[in-house]
>>> print(open('coords.txt').read())   # compact mmCIF, C-alpha atoms
# COMPACT_ATOMS: atom_id res chain seq x y z
CA MET A 6 -56.65 -32.15 18.08
CA GLU A 7 -54.23 -29.65 16.54
CA LYS A 8 -56.51 -26.64 17.06
CA LEU A 9 -56.74 -27.35 20.79
CA LYS A 10 -52.95 -27.54 21.04
CA ASP A 11 -52.79 -24.11 19.44
CA VAL A 12 -55.40 -22.78 21.87
CA ILE A 13 -53.43 -24.10 24.85
CA SER A 14 -50.23 -22.49 23.57
CA PHE A 15 -52.04 -19.19 23.00
CA ALA A 16 -53.50 -19.23 26.51
CA GLN A 17 -50.16 -20.12 28.05
CA GLU A 18 -48.40 -17.31 26.22
CA ASN A 19 -51.01 -14.66 26.97
CA LEU A 20 -51.56 -15.56 30.63
CA ALA A 21 -47.88 -15.97 31.46
CA GLN A 22 -47.63 -12.61 33.27
CA GLU A 23 -51.08 -12.76 34.90
CA SER A 24 -50.77 -12.15 38.65
CA THR A 25 -54.29 -12.11 40.14
CA GLY A 26 -55.04 -15.84 40.29
CA HIS A 27 -56.39 -16.00 36.73
CA ASP A 28 -53.19 -17.35 35.22
CA PHE A 29 -52.55 -20.27 32.89
CA GLU A 30 -52.50 -22.77 35.75
CA HIS A 31 -56.03 -21.66 36.66
CA ALA A 32 -57.09 -22.10 33.03
CA LYS A 33 -55.51 -25.56 32.93
CA ARG A 34 -57.24 -26.66 36.13
CA THR A 35 -60.54 -25.28 34.81
CA ALA A 36 -60.14 -27.39 31.67
CA GLY A 37 -59.38 -30.45 33.80
CA LEU A 38 -62.48 -29.89 35.91
CA ALA A 39 -64.59 -29.45 32.77
CA GLU A 40 -63.34 -32.82 31.53
CA LYS A 41 -64.23 -34.36 34.88
CA ILE A 42 -67.76 -32.92 34.78
CA ILE A 43 -68.31 -34.34 31.28
CA LYS A 44 -67.09 -37.75 32.41
CA LYS A 45 -68.87 -37.87 35.78
CA ASP A 46 -72.21 -36.64 34.43
CA GLN A 47 -71.81 -38.59 31.16
CA LEU A 48 -72.58 -35.56 29.02
CA ALA A 49 -72.61 -35.53 25.22
CA VAL A 50 -71.05 -32.22 24.14
CA ASN A 51 -68.69 -30.60 21.65
CA ASN A 52 -65.42 -31.27 23.45
CA PHE A 53 -63.41 -28.73 21.47
CA ILE A 54 -65.80 -25.92 22.40
CA VAL A 55 -65.67 -26.92 26.08
CA MET A 56 -61.88 -27.23 26.22
CA ALA A 57 -61.16 -24.12 24.14
CA SER A 58 -63.57 -22.05 26.22
CA ALA A 59 -62.06 -23.36 29.46
CA TYR A 60 -58.54 -22.36 28.42
CA LEU A 61 -59.64 -18.98 27.03
CA HIS A 62 -62.38 -18.01 29.48
CA ASP A 63 -60.45 -15.19 31.20
CA MET A 64 -58.74 -13.79 28.12
CA ILE A 65 -61.18 -10.91 27.60
CA ASP A 66 -62.28 -10.42 31.21
CA ASP A 67 -61.80 -6.95 32.70
CA LYS A 68 -60.19 -8.59 35.75
CA VAL A 69 -57.32 -9.65 33.49
CA THR A 70 -57.10 -6.95 30.83
CA ASP A 71 -57.58 -3.19 30.81
CA GLU A 72 -58.69 -3.39 27.17
CA PRO A 73 -61.35 -6.12 26.87
CA GLU A 74 -62.46 -5.06 23.37
CA LYS A 75 -58.91 -5.13 22.03
CA ALA A 76 -58.34 -8.49 23.71
CA GLN A 77 -61.48 -9.85 22.04
CA ARG A 78 -60.33 -8.68 18.60
CA THR A 79 -56.97 -10.36 19.18
CA LEU A 80 -58.69 -13.56 20.28
CA VAL A 81 -61.03 -13.65 17.28
CA HIS A 82 -58.10 -13.06 14.92
CA PHE A 83 -56.21 -15.94 16.54
CA LEU A 84 -59.19 -18.31 16.28
CA GLN A 85 -59.57 -17.41 12.62
CA GLU A 86 -55.87 -18.06 12.04
CA ILE A 87 -56.14 -21.62 13.38
CA ASN A 88 -59.13 -22.24 11.09
CA CYS A 89 -61.93 -22.25 13.61
CA SER A 90 -65.28 -22.00 11.87
CA PHE A 91 -67.59 -19.02 12.35
CA ALA A 92 -69.88 -21.25 14.43
CA GLU A 93 -67.00 -22.35 16.68
CA ILE A 94 -65.82 -18.78 17.24
CA GLU A 95 -69.37 -17.64 17.99
CA ALA A 96 -69.89 -20.49 20.46
CA ILE A 97 -66.61 -19.80 22.29
CA LEU A 98 -67.24 -16.06 22.50
CA GLU A 99 -70.78 -16.54 23.76
CA ILE A 100 -69.49 -18.75 26.56
CA ILE A 101 -66.62 -16.56 27.72
CA GLN A 102 -68.70 -13.38 27.51
CA ASN A 103 -71.49 -14.77 29.69
CA LEU A 104 -70.12 -17.25 32.22
CA SER A 105 -68.75 -14.93 34.90
CA PHE A 106 -70.44 -14.32 38.24
CA SER A 107 -70.77 -10.60 37.50
CA ALA A 108 -72.27 -11.25 34.06
CA GLU A 109 -74.92 -13.55 35.52
CA MET A 110 -75.71 -11.32 38.47
CA PHE A 111 -75.60 -7.86 36.94
CA ALA A 112 -75.32 -7.88 33.13
CA LYS A 113 -78.31 -9.95 31.99
CA ALA A 114 -76.06 -12.66 30.60
CA LYS A 115 -77.37 -14.86 27.81
CA SER A 116 -78.46 -18.37 28.71
CA LEU A 117 -75.45 -20.62 28.33
CA SER A 118 -75.22 -23.70 26.14
CA LEU A 119 -74.53 -27.02 27.86
CA GLU A 120 -70.87 -26.55 26.93
CA GLY A 121 -70.98 -23.14 28.59
CA LYS A 122 -72.64 -24.46 31.73
CA ILE A 123 -69.87 -27.05 32.08
CA VAL A 124 -67.13 -24.42 31.79
CA GLN A 125 -69.01 -22.13 34.18
CA ASP A 126 -69.22 -24.87 36.81
CA ALA A 127 -65.55 -25.74 36.34
CA ASP A 128 -64.53 -22.10 36.76
CA ARG A 129 -66.68 -21.74 39.86
CA LEU A 130 -65.25 -24.88 41.43
CA GLU A 131 -61.86 -23.23 41.06
CA ALA A 132 -63.09 -20.46 43.37
CA LEU A 133 -63.81 -22.92 46.20
CA GLY A 134 -61.76 -25.34 48.30
CA ALA A 135 -58.05 -25.02 49.06
CA VAL A 136 -57.26 -23.64 45.61
CA GLY A 137 -60.07 -21.12 45.96
CA ILE A 138 -58.73 -19.85 49.30
CA LEU A 139 -55.26 -19.34 47.82
CA ARG A 140 -56.63 -17.65 44.71
CA ALA A 141 -58.77 -15.32 46.82
CA ALA A 142 -55.68 -14.35 48.83
CA TYR A 143 -53.67 -13.87 45.65
CA PHE A 144 -56.36 -11.67 44.07
CA SER A 145 -56.84 -9.60 47.22
CA GLY A 146 -53.09 -9.03 47.56
CA ALA A 147 -52.73 -8.04 43.91
CA HIS A 148 -55.45 -5.40 44.42
CA GLY A 149 -54.19 -4.09 47.74
CA GLN A 150 -57.13 -5.45 49.71
CA ALA A 151 -56.92 -6.49 53.35
CA ILE A 152 -57.19 -10.12 54.38
CA TYR A 153 -59.69 -9.25 57.10
CA ASP A 154 -61.20 -6.15 58.68
CA GLU A 155 -63.71 -6.69 61.46
CA ASN A 156 -65.08 -3.19 60.85
CA LYS A 157 -66.01 -3.93 57.23
CA ALA A 158 -69.42 -5.51 56.93
CA VAL A 159 -70.25 -8.14 54.32
CA GLN A 160 -71.85 -6.41 51.33
CA HIS A 161 -74.83 -7.26 49.16
CA PHE A 162 -74.12 -6.08 45.64
CA HIS A 163 -76.67 -4.44 43.37
CA SER A 164 -74.42 -3.64 40.40
CA LYS A 165 -71.13 -4.65 38.80
CA GLU A 166 -69.68 -1.34 40.01
CA ASP A 167 -70.54 -2.31 43.60
CA TYR A 168 -69.06 -5.77 43.03
CA ARG A 169 -65.77 -4.29 41.80
CA ARG A 170 -65.34 -2.02 44.81
CA PRO A 171 -62.57 -3.10 47.22
CA SER A 172 -63.61 -5.57 49.89
CA THR A 173 -61.55 -8.00 51.97
CA MET A 174 -60.51 -11.56 51.24
CA ILE A 175 -62.66 -12.96 54.05
CA ASN A 176 -65.72 -10.90 53.09
CA HIS A 177 -65.33 -12.11 49.48
CA MET A 178 -66.04 -15.64 50.68
CA TYR A 179 -69.46 -14.60 51.97
CA GLU A 180 -70.18 -12.09 49.21
CA LYS A 181 -69.51 -14.50 46.34
CA LEU A 182 -67.90 -17.86 47.03
CA PHE A 183 -70.55 -19.29 49.35
CA LEU A 184 -73.24 -18.46 46.79
CA LEU A 185 -71.64 -20.59 44.08
CA PRO A 186 -72.73 -24.16 45.00
CA GLU A 187 -76.40 -23.23 44.61
CA MET A 188 -75.63 -21.63 41.24
CA MET A 189 -74.03 -24.75 39.75
CA ASN A 190 -75.60 -26.27 36.65
CA THR A 191 -74.40 -29.88 36.76
CA TYR A 192 -74.80 -32.71 39.25
CA TYR A 193 -71.05 -33.05 39.75
CA GLY A 194 -70.68 -29.28 40.02
CA LYS A 195 -73.22 -29.09 42.84
CA LYS A 196 -71.78 -32.08 44.69
CA GLU A 197 -68.15 -30.97 44.43
CA GLY A 198 -69.10 -27.35 45.07
CA ASN A 199 -70.73 -28.25 48.39
CA ARG A 200 -67.72 -30.37 49.37
CA ARG A 201 -65.35 -27.51 48.66
CA LYS A 202 -67.58 -24.99 50.41
CA ALA A 203 -67.46 -27.17 53.55
CA PHE A 204 -63.66 -27.06 53.40
CA VAL A 205 -63.72 -23.24 53.23
CA GLU A 206 -66.12 -23.15 56.20
CA ASP A 207 -63.68 -25.29 58.21
CA PHE A 208 -60.87 -22.93 57.21
CA LEU A 209 -62.86 -19.91 58.39
CA GLU A 210 -63.59 -21.57 61.72
CA GLU A 211 -59.85 -21.99 62.28
CA PHE A 212 -59.13 -18.49 60.95
CA TYR A 213 -61.48 -16.87 63.47
CA LYS A 214 -59.97 -18.90 66.31
CA GLU A 215 -56.50 -17.69 65.39
CA CYS A 216 -57.69 -14.09 65.08
>>> encode(input="coords.txt", output="structure tokens")
Amino acid sequence: MEKLKDVISFAQENLAQESTGHDFEHAKRTAGLAEKIIKKDQLAVNNFIVMASAYLHDMIDDKVTDEPEKAQRTLVHFLQEINCSFAEIEAILEIIQNLSFSAEMFAKAKSLSLEGKIVQDADRLEALGAVGILRAAYFSGAHGQAIYDENKAVQHFHSKEDYRRPSTMINHMYEKLFLLPEMMNTYYGKKEGNRRKAFVEDFLEEFYKEC
């Protein structure tokens, strides 16, 4: 589909300089996982909405841009230029505005469509397993956070402001990543999420031995 090719090019261009683990390669893997969820769970969905949302899901996130509103205007203008319908633009925006962990936990996110739930699961799978460990390290390094500090207790967040406060890479696994398998929407998401969580637990066991 020509529109999807344009979306992929747009994502690649705009995420080229991203350096916190939310780059184009992350978007591409998220799209691949979304495809796998659709196939494994045999789901009937609007594939363009799923794929476009997967590639664009971080484009207006405040982790990636200092100007989320400006980024959203740019994104909407782009989608209009490639002849996306009003309904398609609305569906994509609703997904990418509401799928994040912080949106669900602290911002009273809207209930996601099935397409949105697939993208959400795919994005959350990216936070677990070997890739998730590397992305957590990448994000922590980009924000000047320590890998580990035995004097910093694991936090329980009550607001997005709390969630955005500096932590450590290892604490992040307990504060967010280990919560994700239970939050998955799809059968494949839950199954793969638990498998990847087990891998992270094995990693932590070795990490503590080496420390």
>>> atom_distance(input="coords.txt", atom1="CA of Glu131 (chain A)", atom2="CA of His31 (chain A)")
7.5 Å
>>> atom_distance(input="coords.txt", atom1="CA of Thr70 (chain A)", atom2="CA of Leu98 (chain A)")
16.0 Å
>>> residues_around(input="coords.txt", residues="Tyr213 (chain A)", least_positions_apart="5", cutoff="12 Å", atoms="only C-alpha atoms", output="PyMOL selection string")
chain A and resi 153-155+175+206-208
>>> atom_distance(input="coords.txt", atom1="CA of Phe183 (chain A)", atom2="CA of Val136 (chain A)")
14.5 Å
>>> closest_residue(input="coords.txt", among="A:Ile54, A:Ala142, A:Ala59, A:Leu130", to="Glu197 (chain A)", atoms="all atoms listed in the file")
A:Leu130
>>> residues_around(input="coords.txt", residues="region 86-90 of chain A", least_positions_apart="5", cutoff="9 Å", atoms="only C-alpha atoms", output="JSON list (two decimals) with C-alpha atoms, in the coordinates of the input")
[["chain", "number", "residue", "atom", "x", "y", "z"],
["A", 7, "GLU", "CA", -54.23, -29.65, 16.54],
["A", 8, "LYS", "CA", -56.51, -26.64, 17.06],
["A", 11, "ASP", "CA", -52.79, -24.11, 19.44],
["A", 12, "VAL", "CA", -55.40, -22.78, 21.87],
["A", 81, "VAL", "CA", -61.03, -13.65, 17.28],
["A", 95, "GLU", "CA", -69.37, -17.64, 17.99]]
>>> residues_near_point(input="coords.txt", point="(-68.9, -35.3, 28.4)", cutoff="10 Å", atoms="all atoms listed in the file", output="number ranges by chain")
A: 39-52, 55, 120, 123
>>> residues_around(input="coords.txt", residues="Gln150 (chain A)", least_positions_apart="4", cutoff="9 Å", atoms="all atoms listed in the file", output="list in words")
Phe144, Ser145, Gly146, Pro171, Ser172, Thr173 and Met174 of chain A
>>> closest_residue(input="coords.txt", among="A:Leu185, A:Ile13, A:Val205, A:Met6", to="Tyr60 (chain A)", atoms="all atoms listed in the file")
A:Ile13
>>> closest_residue(input="coords.txt", among="A:Met64, A:Met56, A:Met189, A:Leu182", to="Leu133 (chain A)", atoms="all atoms listed in the file")
A:Leu182
>>> closest_residue(input="coords.txt", among="A:Lys10, A:His27, A:His177, A:His62", to="Gln125 (chain A)", atoms="only C-alpha atoms")
A:His62
>>> closest_residue(input="coords.txt", among="A:Arg170, A:Phe53, A:Tyr179, A:Ala132", to="Gly149 (chain A)", atoms="only C-alpha atoms")
A:Arg170
>>> residues_around(input="coords.txt", residues="Ala135 (chain A)", least_positions_apart="3", cutoff="8 Å", atoms="all atoms listed in the file", output="PyMOL selection string")
chain A and resi 138-139+201+204-205
>>> residues_around(input="coords.txt", residues="region 22-25 of chain A", least_positions_apart="6", cutoff="9 Å", atoms="all atoms listed in the file", output="PyMOL selection string")
chain A and resi 68-69+140-141+143-148
>>> write_last_selection(input="coords.txt", atoms="C-alpha atoms", output="short mmCIF file (atom, residue, chain, number, x, y, z; two decimals), in the frame of the given file")
data_model
loop_
_atom_site.label_atom_id
_atom_site.label_comp_id
_atom_site.auth_asym_id
_atom_site.auth_seq_id
_atom_site.Cartn_x
_atom_site.Cartn_y
_atom_site.Cartn_z
CA LYS A 68 -60.19 -8.59 35.75
CA VAL A 69 -57.32 -9.65 33.49
CA ARG A 140 -56.63 -17.65 44.71
CA ALA A 141 -58.77 -15.32 46.82
CA TYR A 143 -53.67 -13.87 45.65
CA PHE A 144 -56.36 -11.67 44.07
CA SER A 145 -56.84 -9.60 47.22
CA GLY A 146 -53.09 -9.03 47.56
CA ALA A 147 -52.73 -8.04 43.91
CA HIS A 148 -55.45 -5.40 44.42
#
>>> closest_residue(input="coords.txt", among="A:Asp66, A:His161, A:Asn190, A:Leu84", to="Gly121 (chain A)", atoms="all atoms listed in the file")
A:Asn190
>>> build_atoms(input="coords.txt", residues="region 117-128 of chain A", atoms="all heavy atoms", output="compact mmCIF listing (two decimals), in the frame of the given file")
# COMPACT_ATOMS: atom_id res chain seq x y z
N LEU A 117 -76.59 -19.89 28.85
CA LEU A 117 -75.45 -20.62 28.33
C LEU A 117 -75.86 -21.95 27.70
O LEU A 117 -76.81 -22.60 28.13
CB LEU A 117 -74.44 -20.90 29.45
CG LEU A 117 -73.66 -19.69 29.98
CD1 LEU A 117 -72.94 -20.07 31.27
CD2 LEU A 117 -72.68 -19.18 28.95
N SER A 118 -75.09 -22.36 26.70
CA SER A 118 -75.22 -23.70 26.14
C SER A 118 -74.78 -24.72 27.18
O SER A 118 -74.19 -24.35 28.22
CB SER A 118 -74.32 -23.83 24.90
OG SER A 118 -72.96 -23.63 25.27
N LEU A 119 -75.01 -25.99 26.93
CA LEU A 119 -74.53 -27.02 27.86
C LEU A 119 -73.02 -26.94 27.99
O LEU A 119 -72.48 -27.07 29.10
CB LEU A 119 -74.95 -28.42 27.37
CG LEU A 119 -74.48 -29.60 28.23
CD1 LEU A 119 -74.92 -29.44 29.68
CD2 LEU A 119 -74.98 -30.91 27.64
N GLU A 120 -72.33 -26.70 26.88
CA GLU A 120 -70.87 -26.55 26.93
C GLU A 120 -70.50 -25.38 27.86
O GLU A 120 -69.57 -25.49 28.67
CB GLU A 120 -70.32 -26.29 25.52
CG GLU A 120 -70.31 -27.51 24.62
CD GLU A 120 -71.64 -27.79 23.93
OE1 GLU A 120 -72.63 -27.05 24.17
OE2 GLU A 120 -71.70 -28.76 23.16
N GLY A 121 -71.24 -24.29 27.74
CA GLY A 121 -70.98 -23.14 28.59
C GLY A 121 -71.25 -23.40 30.05
O GLY A 121 -70.50 -22.95 30.94
N LYS A 122 -72.30 -24.13 30.34
CA LYS A 122 -72.64 -24.46 31.73
C LYS A 122 -71.56 -25.33 32.37
O LYS A 122 -71.26 -25.18 33.56
CB LYS A 122 -73.99 -25.16 31.78
CG LYS A 122 -75.16 -24.23 31.47
CD LYS A 122 -76.49 -24.98 31.42
CE LYS A 122 -77.64 -24.03 31.11
NZ LYS A 122 -78.93 -24.73 30.99
N ILE A 123 -70.96 -26.20 31.57
CA ILE A 123 -69.87 -27.05 32.08
C ILE A 123 -68.67 -26.19 32.44
O ILE A 123 -68.08 -26.33 33.52
CB ILE A 123 -69.50 -28.12 31.04
CG1 ILE A 123 -70.63 -29.14 30.90
CG2 ILE A 123 -68.19 -28.81 31.40
CD1 ILE A 123 -70.52 -30.02 29.68
N VAL A 124 -68.29 -25.29 31.53
CA VAL A 124 -67.13 -24.42 31.79
C VAL A 124 -67.42 -23.49 32.97
O VAL A 124 -66.55 -23.25 33.81
CB VAL A 124 -66.77 -23.60 30.53
CG1 VAL A 124 -65.59 -22.67 30.82
CG2 VAL A 124 -66.45 -24.51 29.36
N GLN A 125 -68.63 -22.99 33.06
CA GLN A 125 -69.01 -22.13 34.18
C GLN A 125 -68.86 -22.87 35.51
O GLN A 125 -68.29 -22.33 36.47
CB GLN A 125 -70.44 -21.65 34.00
CG GLN A 125 -70.90 -20.64 35.05
CD GLN A 125 -72.31 -20.16 34.79
OE1 GLN A 125 -73.25 -20.95 34.84
NE2 GLN A 125 -72.47 -18.88 34.52
N ASP A 126 -69.35 -24.09 35.58
CA ASP A 126 -69.22 -24.87 36.81
C ASP A 126 -67.76 -25.13 37.14
O ASP A 126 -67.34 -25.04 38.30
CB ASP A 126 -69.96 -26.20 36.69
CG ASP A 126 -71.46 -26.07 36.92
OD1 ASP A 126 -71.96 -24.92 36.97
OD2 ASP A 126 -72.14 -27.10 37.05
N ALA A 127 -66.97 -25.47 36.12
CA ALA A 127 -65.55 -25.74 36.34
C ALA A 127 -64.84 -24.51 36.88
O ALA A 127 -64.04 -24.59 37.83
CB ALA A 127 -64.90 -26.20 35.04
N ASP A 128 -65.13 -23.35 36.31
CA ASP A 128 -64.53 -22.10 36.76
C ASP A 128 -64.95 -21.79 38.19
O ASP A 128 -64.14 -21.32 39.01
CB ASP A 128 -64.94 -20.98 35.80
CG ASP A 128 -64.27 -19.66 36.12
OD1 ASP A 128 -63.09 -19.66 36.48
OD2 ASP A 128 -64.94 -18.61 35.98
